[in-house]
file protein00.cif (mmCIF, C-alpha atoms)
data_work
loop_
_atom_site.group_PDB
_atom_site.id
_atom_site.type_symbol
_atom_site.label_atom_id
_atom_site.label_comp_id
_atom_site.auth_asym_id
_atom_site.auth_seq_id
_atom_site.Cartn_x
_atom_site.Cartn_y
_atom_site.Cartn_z
ATOM 1 C CA MET K 1 0.000 0.000 0.000
ATOM 2 C CA PHE K 2 2.817 2.416 0.897
ATOM 3 C CA ILE K 3 4.516 1.765 -2.443
ATOM 4 C CA LYS K 4 1.342 2.620 -4.357
ATOM 5 C CA THR K 5 0.750 5.689 -2.199
ATOM 6 C CA ARG K 6 4.246 6.901 -2.936
ATOM 7 C CA GLU K 7 3.657 6.394 -6.665
ATOM 8 C CA TYR K 8 0.542 8.559 -6.479
ATOM 9 C CA GLN K 9 2.420 11.217 -4.545
ATOM 10 C CA GLU K 10 5.203 11.276 -7.109
ATOM 11 C CA LEU K 11 2.683 11.621 -9.951
ATOM 12 C CA PHE K 12 1.082 14.477 -8.056
ATOM 13 C CA LEU K 13 4.451 16.176 -7.554
ATOM 14 C CA GLU K 14 5.302 15.694 -11.239
ATOM 15 C CA ALA K 15 2.099 17.486 -12.198
ATOM 16 C CA LEU K 16 2.691 20.187 -9.607
ATOM 17 C CA ARG K 17 6.237 20.693 -10.874
ATOM 18 C CA ALA K 18 4.751 21.449 -14.299
ATOM 19 C CA GLY K 19 1.890 23.516 -12.896
ATOM 20 C CA ILE K 20 4.030 26.006 -10.971
ATOM 21 C CA ARG K 21 5.980 26.671 -14.189
ATOM 22 C CA GLY K 22 2.975 26.978 -16.483
ATOM 23 C CA GLN K 23 4.014 23.770 -18.244
ATOM 24 C CA ARG K 24 2.165 20.568 -19.200
ATOM 25 C CA VAL K 25 2.857 16.933 -18.374
ATOM 26 C CA ALA K 26 3.334 14.440 -21.218
ATOM 27 C CA TRP K 27 1.444 11.510 -19.726
ATOM 28 C CA LYS K 28 0.219 8.998 -22.306
ATOM 29 C CA GLU K 29 -1.885 6.768 -20.089
ATOM 30 C CA ARG K 30 -3.133 6.842 -16.504
ATOM 31 C CA SER K 31 -5.556 4.565 -14.665
ATOM 32 C CA VAL K 32 -8.784 5.726 -13.083
ATOM 33 C CA GLN K 33 -7.220 5.145 -9.666
ATOM 34 C CA GLU K 34 -4.174 7.240 -10.522
ATOM 35 C CA TRP K 35 -6.322 10.153 -11.697
ATOM 36 C CA SER K 36 -8.502 9.864 -8.621
ATOM 37 C CA GLU K 37 -5.540 9.879 -6.232
ATOM 38 C CA VAL K 38 -3.772 12.779 -7.965
ATOM 39 C CA PHE K 39 -6.895 14.942 -7.933
ATOM 40 C CA ALA K 40 -7.637 13.986 -4.310
ATOM 41 C CA LEU K 41 -4.145 15.130 -3.276
ATOM 42 C CA ALA K 42 -4.555 18.311 -5.313
ATOM 43 C CA ASP K 43 -7.847 19.086 -3.610
ATOM 44 C CA MET K 44 -6.467 18.349 -0.160
ATOM 45 C CA HIS K 45 -3.511 20.671 -0.686
ATOM 46 C CA HIS K 46 -5.623 23.414 -2.322
ATOM 47 C CA VAL K 47 -3.713 23.283 -5.610
ATOM 48 C CA LEU K 48 -6.407 21.737 -7.804
ATOM 49 C CA PRO K 49 -6.311 24.504 -10.483
ATOM 50 C CA LEU K 50 -2.512 24.191 -10.760
ATOM 51 C CA ILE K 51 -2.760 20.439 -11.229
ATOM 52 C CA TYR K 52 -5.684 20.616 -13.655
ATOM 53 C CA GLU K 53 -3.899 23.138 -15.877
ATOM 54 C CA ALA K 54 -0.823 20.893 -15.947
ATOM 55 C CA VAL K 55 -2.645 17.691 -16.943
ATOM 56 C CA ALA K 56 -5.701 18.791 -18.943
ATOM 57 C CA GLU K 57 -4.053 18.670 -22.371
ATOM 58 C CA CYS K 58 -2.015 15.466 -22.126
ATOM 59 C CA ARG K 59 -2.941 12.323 -24.100
ATOM 60 C CA ALA K 60 -3.832 10.481 -20.912
ATOM 61 C CA ALA K 61 -6.433 13.131 -20.089
ATOM 62 C CA ALA K 62 -8.100 12.676 -23.474
ATOM 63 C CA LEU K 63 -8.502 8.962 -22.676
ATOM 64 C CA ALA K 64 -9.702 9.518 -19.100
ATOM 65 C CA ASP K 65 -13.212 9.437 -17.676
ATOM 66 C CA ARG K 66 -15.103 12.411 -19.151
ATOM 67 C CA VAL K 67 -17.425 12.882 -16.188
ATOM 68 C CA MET K 68 -14.557 12.985 -13.694
ATOM 69 C CA PHE K 69 -12.587 15.481 -15.769
ATOM 70 C CA ALA K 70 -15.646 17.666 -16.295
ATOM 71 C CA LYS K 71 -16.148 17.871 -12.532
ATOM 72 C CA VAL K 72 -12.494 18.713 -11.907
ATOM 73 C CA ARG K 73 -12.532 21.331 -14.656
ATOM 74 C CA GLU K 74 -15.718 22.930 -13.327
ATOM 75 C CA LYS K 75 -14.356 23.101 -9.777
ATOM 76 C CA SER K 76 -10.988 24.470 -10.937
ATOM 77 C CA LEU K 77 -12.634 27.232 -12.980
ATOM 78 C CA ARG K 78 -14.958 28.094 -10.099
ATOM 79 C CA LEU K 79 -12.049 28.325 -7.653
ATOM 80 C CA MET K 80 -10.024 30.505 -10.019
ATOM 81 C CA ALA K 81 -12.985 32.817 -10.613
ATOM 82 C CA LEU K 82 -13.439 33.181 -6.856
ATOM 83 C CA GLN K 83 -9.719 33.892 -6.441
ATOM 84 C CA ARG K 84 -9.899 36.556 -9.156
ATOM 85 C CA THR K 85 -12.779 38.246 -7.308
ATOM 86 C CA MET K 86 -10.921 38.138 -3.988
ATOM 87 C CA THR K 87 -7.765 39.562 -5.573
ATOM 88 C CA GLU K 88 -9.693 42.452 -7.104
ATOM 89 C CA GLU K 89 -11.381 43.145 -3.768
ATOM 90 C CA PHE K 90 -8.005 43.107 -2.023
ATOM 91 C CA LEU K 91 -6.407 45.513 -4.497
ATOM 92 C CA GLU K 92 -9.363 47.897 -4.116
ATOM 93 C CA LEU K 93 -9.062 47.712 -0.329
ATOM 94 C CA TYR K 94 -5.306 48.238 -0.397
ATOM 95 C CA ALA K 95 -5.634 51.320 -2.620
ATOM 96 C CA HIS K 96 -8.304 52.628 -0.227
ATOM 97 C CA LEU K 97 -6.016 52.117 2.784
ATOM 98 C CA GLN K 98 -3.237 54.046 1.069
ATOM 99 C CA GLN K 99 -5.625 56.888 0.327
ATOM 100 C CA MET K 100 -6.586 56.926 4.007
ATOM 101 C CA GLY K 101 -2.929 57.348 4.964
ATOM 102 C CA VAL K 102 -2.188 53.924 6.452
ATOM 103 C CA LYS K 103 0.652 51.756 5.196
ATOM 104 C CA PRO K 104 0.240 48.038 5.910
ATOM 105 C CA LEU K 105 2.649 45.458 4.557
ATOM 106 C CA ALA K 106 1.230 42.599 2.487
ATOM 107 C CA VAL K 107 2.734 39.261 3.519
ATOM 108 C CA LYS K 108 2.322 35.825 1.933
ATOM 109 C CA GLY K 109 -0.908 35.775 -0.135
ATOM 110 C CA ILE K 110 -0.764 38.221 -2.999
ATOM 111 C CA VAL K 111 3.041 38.526 -2.785
ATOM 112 C CA CYS K 112 3.496 34.789 -3.351
ATOM 113 C CA ARG K 113 0.616 34.479 -5.807
ATOM 114 C CA SER K 114 2.269 36.973 -8.149
ATOM 115 C CA LEU K 115 5.171 34.514 -8.614
ATOM 116 C CA TYR K 116 2.995 31.888 -10.345
ATOM 117 C CA PRO K 117 2.444 31.858 -14.148
ATOM 118 C CA ASN K 118 -1.308 32.091 -13.527
ATOM 119 C CA PRO K 119 -1.736 33.851 -10.162
ATOM 120 C CA ASP K 120 -5.433 32.968 -9.966
ATOM 121 C CA ALA K 121 -4.534 29.265 -9.996
ATOM 122 C CA ARG K 122 -2.687 29.742 -6.679
ATOM 123 C CA LEU K 123 -5.547 29.921 -4.186
ATOM 124 C CA SER K 124 -5.611 32.020 -1.009
ATOM 125 C CA ALA K 125 -8.160 31.620 1.768
ATOM 126 C CA ASP K 126 -7.339 35.113 3.028
ATOM 127 C CA GLU K 127 -4.848 37.960 2.770
ATOM 128 C CA ASP K 128 -2.486 38.996 5.555
ATOM 129 C CA LEU K 129 -1.599 42.590 6.361
ATOM 130 C CA LEU K 130 0.963 43.710 8.935
ATOM 131 C CA ILE K 131 0.370 47.214 10.291
ATOM 132 C CA PRO K 132 2.612 49.268 12.612
ATOM 133 C CA LYS K 133 1.084 49.086 16.072
ATOM 134 C CA GLU K 134 0.566 52.836 16.196
ATOM 135 C CA GLN K 135 -1.476 52.671 12.966
ATOM 136 C CA PHE K 136 -3.731 49.765 13.980
ATOM 137 C CA GLU K 137 -6.735 51.853 15.036
ATOM 138 C CA ALA K 138 -6.522 54.058 11.946
ATOM 139 C CA CYS K 139 -6.221 50.989 9.725
ATOM 140 C CA GLN K 140 -9.206 49.331 11.369
ATOM 141 C CA GLU K 141 -11.319 52.471 10.904
ATOM 142 C CA ALA K 142 -10.327 52.658 7.238
ATOM 143 C CA MET K 143 -11.226 48.989 6.745
ATOM 144 C CA LEU K 144 -14.618 49.438 8.402
ATOM 145 C CA LEU K 145 -15.264 52.454 6.202
ATOM 146 C CA TYR K 146 -14.496 50.308 3.137
ATOM 147 C CA GLY K 147 -17.053 47.702 4.236
ATOM 148 C CA MET K 148 -14.960 45.167 6.147
ATOM 149 C CA GLN K 149 -16.475 43.715 9.320
ATOM 150 C CA GLN K 150 -14.685 41.960 12.162
ATOM 151 C CA LEU K 151 -15.323 38.222 11.906
ATOM 152 C CA ASN K 152 -15.284 37.535 15.644
ATOM 153 C CA PRO K 153 -16.078 40.835 17.423
ATOM 154 C CA GLU K 154 -16.488 39.058 20.766
ATOM 155 C CA THR K 155 -12.714 38.422 20.846
ATOM 156 C CA GLY K 156 -11.851 42.113 20.641
ATOM 157 C CA THR K 157 -8.839 43.447 18.752
ATOM 158 C CA GLU K 158 -6.043 42.935 21.280
ATOM 159 C CA ASN K 159 -4.736 39.681 19.815
ATOM 160 C CA TYR K 160 -1.708 39.685 17.567
ATOM 161 C CA GLU K 161 -4.074 39.295 14.597
ATOM 162 C CA THR K 162 -7.705 40.235 13.934
ATOM 163 C CA ALA K 163 -9.810 38.799 11.086
ATOM 164 C CA TYR K 164 -12.186 40.842 8.908
ATOM 165 C CA LYS K 165 -14.520 39.958 6.030
ATOM 166 C CA LYS K 166 -15.933 42.181 3.307
ATOM 167 C CA THR K 167 -19.658 42.763 3.662
ATOM 168 C CA GLY K 168 -21.373 41.261 0.643
ATOM 169 C CA GLY K 169 -18.042 40.041 -0.714
ATOM 170 C CA PHE K 170 -15.562 37.203 -0.351
ATOM 171 C CA LEU K 171 -12.374 38.894 0.841
ATOM 172 C CA VAL K 172 -11.033 37.906 4.266
ATOM 173 C CA ILE K 173 -8.210 39.933 5.836
ATOM 174 C CA GLU K 174 -6.068 38.985 8.808
ATOM 175 C CA LEU K 175 -4.752 42.265 10.200
ATOM 176 C CA HIS K 176 -1.584 41.728 12.252
ATOM 177 C CA ARG K 177 -0.200 43.927 14.991
ATOM 178 C CA MET K 178 2.749 41.532 15.009
ATOM 179 C CA LEU K 179 3.592 38.413 13.048
ATOM 180 C CA PHE K 180 3.528 35.906 15.906
ATOM 181 C CA PRO K 181 1.877 35.632 19.329
ATOM 182 C CA GLU K 182 4.140 36.773 22.126
ATOM 183 C CA ASN K 183 3.231 34.230 24.782
ATOM 184 C CA GLU K 184 3.578 30.952 22.883
ATOM 185 C CA LYS K 185 6.679 28.966 23.877
ATOM 186 C CA TRP K 186 7.402 27.798 20.333
ATOM 187 C CA CYS K 187 7.898 31.335 18.995
ATOM 188 C CA ILE K 188 9.259 33.323 21.923
ATOM 189 C CA GLY K 189 11.565 36.013 20.569
ATOM 190 C CA TRP K 190 10.606 35.542 16.920
ATOM 191 C CA ASN K 191 8.948 38.952 16.615
ATOM 192 C CA GLY K 192 12.254 40.538 17.595
ATOM 193 C CA PHE K 193 13.740 39.518 14.234
ATOM 194 C CA PHE K 194 11.208 41.817 12.551
ATOM 195 C CA ASP K 195 11.664 45.015 14.585
ATOM 196 C CA GLU K 196 12.844 46.897 11.481
ATOM 197 C CA ILE K 197 10.420 45.287 9.045
ATOM 198 C CA HIS K 198 8.452 48.465 8.305
ATOM 199 C CA LYS K 199 11.549 50.658 7.912
ATOM 200 C CA GLN K 200 13.126 48.181 5.479
ATOM 201 C CA ALA K 201 9.968 47.509 3.428
ATOM 202 C CA ILE K 202 10.029 47.580 -0.355
ATOM 203 C CA GLU K 203 7.372 48.491 -2.915
ATOM 204 C CA ARG K 204 6.175 46.360 -5.818
ATOM 205 C CA GLU K 205 3.402 47.078 -8.302
ATOM 206 C CA THR K 206 0.668 44.457 -8.724
ATOM 207 C CA GLU K 207 -1.993 45.012 -11.379
ATOM 208 C CA GLY K 208 -1.534 48.766 -11.228
ATOM 209 C CA VAL K 209 -1.554 49.005 -7.413
ATOM 210 C CA LYS K 210 1.665 49.691 -5.503
ATOM 211 C CA ILE K 211 1.966 47.135 -2.697
ATOM 212 C CA ASN K 212 4.300 47.483 0.283
ATOM 213 C CA MET K 213 5.910 44.218 1.375
ATOM 214 C CA PRO K 214 8.791 43.166 3.629
ATOM 215 C CA GLN K 215 12.204 43.220 2.033
ATOM 216 C CA PRO K 216 13.051 39.735 0.682
ATOM 217 C CA THR K 217 15.313 38.495 3.510
ATOM 218 C CA ASP K 218 12.672 39.327 6.108
ATOM 219 C CA HIS K 219 9.884 37.871 3.996
ATOM 220 C CA LEU K 220 11.628 34.569 3.287
ATOM 221 C CA PHE K 221 12.529 34.119 6.937
ATOM 222 C CA PHE K 222 8.941 34.945 7.935
ATOM 223 C CA GLN K 223 7.627 32.335 5.486
ATOM 224 C CA PHE K 224 9.800 29.686 7.115
ATOM 225 C CA CYS K 225 8.699 30.716 10.599
ATOM 226 C CA HIS K 226 5.058 30.679 9.513
ATOM 227 C CA ALA K 227 5.477 27.235 7.951
ATOM 228 C CA ARG K 228 6.972 25.942 11.201
ATOM 229 C CA LYS K 229 3.943 27.334 13.041
ATOM 230 C CA HIS K 230 1.736 25.258 10.727
ATOM 231 C CA LEU K 231 3.947 22.211 11.173
ATOM 232 C CA LEU K 232 3.497 22.372 14.944
ATOM 233 C CA ALA K 233 -0.253 22.944 14.691
ATOM 234 C CA SER K 234 -1.453 20.658 11.904
ATOM 235 C CA GLY K 235 1.194 20.103 9.222
ATOM 236 C CA VAL K 236 2.713 21.952 6.281
ATOM 237 C CA GLY K 237 0.953 21.822 2.918
ATOM 238 C CA ILE K 238 2.750 21.596 -0.405
ATOM 239 C CA ARG K 239 1.323 24.954 -1.533
ATOM 240 C CA GLN K 240 3.191 26.656 1.300
ATOM 241 C CA ILE K 241 6.367 24.886 0.265
ATOM 242 C CA CYS K 242 5.929 25.991 -3.349
ATOM 243 C CA ASP K 243 5.475 29.588 -2.165
ATOM 244 C CA ILE K 244 8.752 29.441 -0.252
ATOM 245 C CA LEU K 245 10.679 27.892 -3.136
ATOM 246 C CA LEU K 246 9.348 30.261 -5.793
ATOM 247 C CA PHE K 247 9.998 33.259 -3.557
ATOM 248 C CA ALA K 248 13.572 32.157 -2.788
ATOM 249 C CA GLU K 249 14.207 31.592 -6.491
ATOM 250 C CA TYR K 250 12.693 34.883 -7.666
ATOM 251 C CA TYR K 251 14.384 37.065 -5.032
ATOM 252 C CA GLU K 252 17.613 35.045 -4.935
ATOM 253 C CA LYS K 253 19.882 38.040 -5.634
ATOM 254 C CA GLU K 254 18.063 40.333 -3.184
ATOM 255 C CA ILE K 255 18.139 37.941 -0.238
ATOM 256 C CA ASP K 256 21.005 38.258 2.241
ATOM 257 C CA TRP K 257 21.595 34.535 2.597
ATOM 258 C CA GLU K 258 24.101 34.899 5.440
ATOM 259 C CA ILE K 259 21.514 36.754 7.550
ATOM 260 C CA PHE K 260 18.798 34.307 6.532
ATOM 261 C CA TRP K 261 20.777 31.215 7.582
ATOM 262 C CA ASP K 262 21.978 32.908 10.787
ATOM 263 C CA ARG K 263 18.347 33.515 11.761
ATOM 264 C CA ILE K 264 17.412 29.954 10.819
ATOM 265 C CA ARG K 265 20.202 28.677 13.093
ATOM 266 C CA MET K 266 19.138 30.964 15.938
ATOM 267 C CA THR K 267 15.603 29.551 15.810
ATOM 268 C CA ASP K 268 16.767 25.917 15.505
ATOM 269 C CA GLY K 269 15.277 25.624 12.036
ATOM 270 C CA ILE K 270 18.191 24.205 10.039
ATOM 271 C CA LEU K 271 16.757 20.746 9.426
ATOM 272 C CA PHE K 272 13.335 22.105 8.563
ATOM 273 C CA ALA K 273 14.665 24.701 6.106
ATOM 274 C CA GLU K 274 17.055 22.270 4.486
ATOM 275 C CA ALA K 275 14.330 19.643 4.087
ATOM 276 C CA ILE K 276 12.103 22.128 2.245
ATOM 277 C CA PHE K 277 14.900 23.218 -0.086
ATOM 278 C CA HIS K 278 15.922 19.637 -0.831
ATOM 279 C CA LEU K 279 12.305 18.679 -1.496
ATOM 280 C CA GLY K 280 12.272 21.471 -4.076
ATOM 281 C CA VAL K 281 15.448 20.178 -5.699
ATOM 282 C CA GLN K 282 14.495 16.512 -5.631
ATOM 283 C CA TYR K 283 10.851 16.713 -6.678
ATOM 284 C CA LEU K 284 9.999 20.167 -8.028
ATOM 285 C CA GLY K 285 12.859 21.069 -10.344
ATOM 286 C CA PHE K 286 14.612 23.815 -8.370
ATOM 287 C CA GLU K 287 18.395 24.230 -8.415
ATOM 288 C CA GLU K 288 20.287 23.733 -5.189
ATOM 289 C CA LYS K 289 22.696 26.610 -5.847
ATOM 290 C CA GLN K 290 19.826 29.075 -5.618
ATOM 291 C CA PHE K 291 19.539 28.538 -1.870
ATOM 292 C CA TYR K 292 23.169 29.244 -0.914
ATOM 293 C CA PHE K 293 23.545 26.451 1.605
ATOM 294 C CA PRO K 294 26.334 27.464 4.010
ATOM 295 C CA GLU K 295 29.135 25.063 4.785
ATOM 296 C CA GLY K 296 28.100 22.277 7.114
ATOM 297 C CA VAL K 297 24.375 22.543 6.497
ATOM 298 C CA HIS K 298 23.951 19.522 4.211
ATOM 299 C CA THR K 299 22.763 17.215 6.953
ATOM 300 C CA VAL K 300 20.026 15.510 4.913
ATOM 301 C CA LYS K 301 21.712 15.586 1.540
ATOM 302 C CA GLU K 302 22.594 11.924 1.843
ATOM 303 C CA SER K 303 18.873 11.065 1.991
ATOM 304 C CA ARG K 304 18.289 11.991 -1.642
ATOM 305 C CA GLY K 305 16.420 9.337 -3.519
ATOM 306 C CA GLN K 306 14.507 8.436 -0.337
ATOM 307 C CA PRO K 307 11.008 9.770 0.415
ATOM 308 C CA ILE K 308 10.938 12.766 2.742
ATOM 309 C CA ASN K 309 8.521 11.522 5.398
ATOM 310 C CA GLY K 310 5.530 13.800 5.876
ATOM 311 C CA ALA K 311 6.245 15.855 2.749
ATOM 312 C CA LEU K 312 2.658 15.300 1.670
#
call {"tool": "encode", "arguments": {"input": "protein00.cif", "output": "structure tokens"}}
result
Amino acid sequence: MFIKTREYQELFLEALRAGIRGQRVAWKERSVQEWSEVFALADMHHVLPLIYEAVAECRAAALADRVMFAKVREKSLRLMALQRTMTEEFLELYAHLQQMGVKPLAVKGIVCRSLYPNPDARLSADEDLLIPKEQFEACQEAMLLYGMQQLNPETGTENYETAYKKTGGFLVIELHRMLFPENEKWCIGWNGFFDEIHKQAIERETEGVKINMPQPTDHLFFQFCHARKHLLASGVGIRQICDILLFAEYYEKEIDWEIFWDRIRMTDGILFAEAIFHLGVQYLGFEEKQFYFPEGVHTVKESRGQPINGAL
């Protein structure tokens, strides 16, 4: 059973490898079970549109069950249409916040989505904004004026993050005072790495809207810390891993790799970071040199060719 499961996972990763590059697989024949397992994994990891785009035109797809493919196509198109709506709502909100004089940083979400050949095929459940603490009240007022409503008003707004949803729309925003809770043992001290995050922010234009985001070293390190948070809570999905790998590749020359790896060491994240990078090299077509492994880090390199337990 494990052998077959691994085969399905590798087929899924082959399709995902093509999907994140806007390419197509060249499969000639696949069984009903193989299609079913690949699409089930894609759905579970919230990458169904990426997988569908990668496999829809191969010969094996033309020979596959028409009803199954029609359902997958319909769901993929529906998810991408919803993502397009949410992106447009976010860009409208962000422009509104700028006009109101507040300057939040966009993290994850739209920043990572812009790295994919078809951004709408990379799904986001919400968008994350980090606001300077002194601008939180002004930002909240501007969001309420735009039509956002707090999702759980009974919890107040004193937590490190507060969720809002657009009235009559689909957009969900998590507004952060800080990136991580201060009283959780697993992340004590992590916020200190981001004390200068607003001063060092950069600006990128997305669909005509200028978006402020953390400078690449901060953002990559944050992505790893956030992924570790998920690992401790429920597990890390492959979409999150793809985000990290594409970001590291795209901003390779702008990342201070010495600072990045020093921070990874200081938070005891070496094995976790290296495992993600090696997964990208082994299964998703990334080049090892892009991640500037420092001397002595290659602790799992010898495991190549073996499955990385828990990767899926």
call {"tool": "residues_around", "arguments": {"input": "protein00.cif", "residues": "K:Ala95", "least_positions_apart": "6", "cutoff": "9 Å", "atoms": "only C-alpha atoms", "output": "PyMOL selection string"}}
result
chain K and resi 209-211
call {"tool": "resolve_selection", "arguments": {"input": "protein00.cif", "expression": "the PyMOL selection byres ((chain K and resi 222-225) around 10)", "output": "ChimeraX atom specification"}}
result
/K:107-108,179-180,187,190-191,193-194,214,216-221,226-231,240-241,243-244,247,260,264,267,269,272-273,276
call {"tool": "closest_residue", "arguments": {"input": "protein00.cif", "among": "K:Ile238, K:Cys58, K:Tyr251, K:Asp256", "to": "K:Met44", "atoms": "all atoms listed in the file"}}
result
K:Ile238
call {"tool": "closest_residue", "arguments": {"input": "protein00.cif", "among": "K:Gln135, K:Gln282, K:Gln290, K:Asn152", "to": "K:Leu13", "atoms": "only C-alpha atoms"}}
result
K:Gln282
call {"tool": "axis_aligned_box", "arguments": {"input": "protein00.cif", "around": "stretch 17-23 of chain K", "padding_each_side": "3 Å", "output": "JSON"}}
result
{"center_x": 4.1, "center_y": 23.8, "center_z": -14.6, "size_x": 10.3, "size_y": 12.3, "size_z": 13.4}
call {"tool": "residues_near_point", "arguments": {"input": "protein00.cif", "point": "(-12.1, 43.3, 16.1)", "cutoff": "12 Å", "atoms": "only C-alpha atoms", "output": "NGL selection string"}}
result
:K and (136-137 or 139-141 or 143-144 or 148-165 or 173-177)
call {"tool": "write_last_selection", "arguments": {"input": "protein00.cif", "atoms": "C-alpha atoms", "output": "PDB file, keeping the file's coordinate frame"}}
result
ATOM      1  CA  PHE K 136      -3.731  49.765  13.980  1.00  0.00           C
ATOM      2  CA  GLU K 137      -6.735  51.853  15.036  1.00  0.00           C
ATOM      3  CA  CYS K 139      -6.221  50.989   9.725  1.00  0.00           C
ATOM      4  CA  GLN K 140      -9.206  49.331  11.369  1.00  0.00           C
ATOM      5  CA  GLU K 141     -11.319  52.471  10.904  1.00  0.00           C
ATOM      6  CA  MET K 143     -11.226  48.989   6.745  1.00  0.00           C
ATOM      7  CA  LEU K 144     -14.618  49.438   8.402  1.00  0.00           C
ATOM      8  CA  MET K 148     -14.960  45.167   6.147  1.00  0.00           C
ATOM      9  CA  GLN K 149     -16.475  43.715   9.320  1.00  0.00           C
ATOM     10  CA  GLN K 150     -14.685  41.960  12.162  1.00  0.00           C
ATOM     11  CA  LEU K 151     -15.323  38.222  11.906  1.00  0.00           C
ATOM     12  CA  ASN K 152     -15.284  37.535  15.644  1.00  0.00           C
ATOM     13  CA  PRO K 153     -16.078  40.835  17.423  1.00  0.00           C
ATOM     14  CA  GLU K 154     -16.488  39.058  20.766  1.00  0.00           C
ATOM     15  CA  THR K 155     -12.714  38.422  20.846  1.00  0.00           C
ATOM     16  CA  GLY K 156     -11.851  42.113  20.641  1.00  0.00           C
ATOM     17  CA  THR K 157      -8.839  43.447  18.752  1.00  0.00           C
ATOM     18  CA  GLU K 158      -6.043  42.935  21.280  1.00  0.00           C
ATOM     19  CA  ASN K 159      -4.736  39.681  19.815  1.00  0.00           C
ATOM     20  CA  TYR K 160      -1.708  39.685  17.567  1.00  0.00           C
ATOM     21  CA  GLU K 161      -4.074  39.295  14.597  1.00  0.00           C
ATOM     22  CA  THR K 162      -7.705  40.235  13.934  1.00  0.00           C
ATOM     23  CA  ALA K 163      -9.810  38.799  11.086  1.00  0.00           C
ATOM     24  CA  TYR K 164     -12.186  40.842   8.908  1.00  0.00           C
ATOM     25  CA  LYS K 165     -14.520  39.958   6.030  1.00  0.00           C
ATOM     26  CA  ILE K 173      -8.210  39.933   5.836  1.00  0.00           C
ATOM     27  CA  GLU K 174      -6.068  38.985   8.808  1.00  0.00           C
ATOM     28  CA  LEU K 175      -4.752  42.265  10.200  1.00  0.00           C
ATOM     29  CA  HIS K 176      -1.584  41.728  12.252  1.00  0.00           C
ATOM     30  CA  ARG K 177      -0.200  43.927  14.991  1.00  0.00           C
TER      31      ARG K 177
END
call {"tool": "closest_residue", "arguments": {"input": "protein00.cif", "among": "K:Val72, K:Val111, K:Ala121, K:Met178", "to": "K:Glu196", "atoms": "all atoms listed in the file"}}
result
K:Met178
call {"tool": "closest_residue", "arguments": {"input": "protein00.cif", "among": "K:Asp128, K:Glu89, K:Glu252, K:Glu205", "to": "K:Lys166", "atoms": "only C-alpha atoms"}}
result
K:Glu89
call {"tool": "atom_distance", "arguments": {"input": "protein00.cif", "atom1": "atom CA of K:Tyr116", "atom2": "atom CA of K:Arg84"}}
result
13.8 Å
call {"tool": "atom_distance", "arguments": {"input": "protein00.cif", "atom1": "atom CA of K:Ala60", "atom2": "atom CA of K:Trp27"}}
result
5.5 Å
call {"tool": "closest_residue", "arguments": {"input": "protein00.cif", "among": "K:Val172, K:Leu97, K:Leu79, K:Val102", "to": "K:Glu127", "atoms": "only C-alpha atoms"}}
result
K:Val172
call {"tool": "residues_around", "arguments": {"input": "protein00.cif", "residues": "K:Glu88", "least_positions_apart": "6", "cutoff": "12 Å", "atoms": "all atoms listed in the file", "output": "list in words"}}
result
Ala81, Leu82, Tyr94, Ala95, Ile110, Asp120, Glu127, Gly169, Phe170, Leu171, Thr206, Glu207, Gly208 and Val209 of chain K
call {"tool": "atom_distance", "arguments": {"input": "protein00.cif", "atom1": "atom CA of K:Gly19", "atom2": "atom CA of K:Glu53"}}
result
6.5 Å
call {"tool": "resolve_selection", "arguments": {"input": "protein00.cif", "expression": "the PyMOL selection byres ((chain K and resi 8) around 9)", "output": "list in words"}}
result
Ile3, Lys4, Thr5, Arg6, Glu7, Gln9, Glu10, Leu11, Phe12, Leu13, Glu34, Trp35, Glu37, Val38 and Leu41 of chain K
call {"tool": "resolve_selection", "arguments": {"input": "protein00.cif", "expression": "the PyMOL selection byres ((chain K and resi 15-17) around 7)", "output": "ChimeraX atom specification"}}
result
/K:11-14,18-21,25,50-51,54-55,284-285
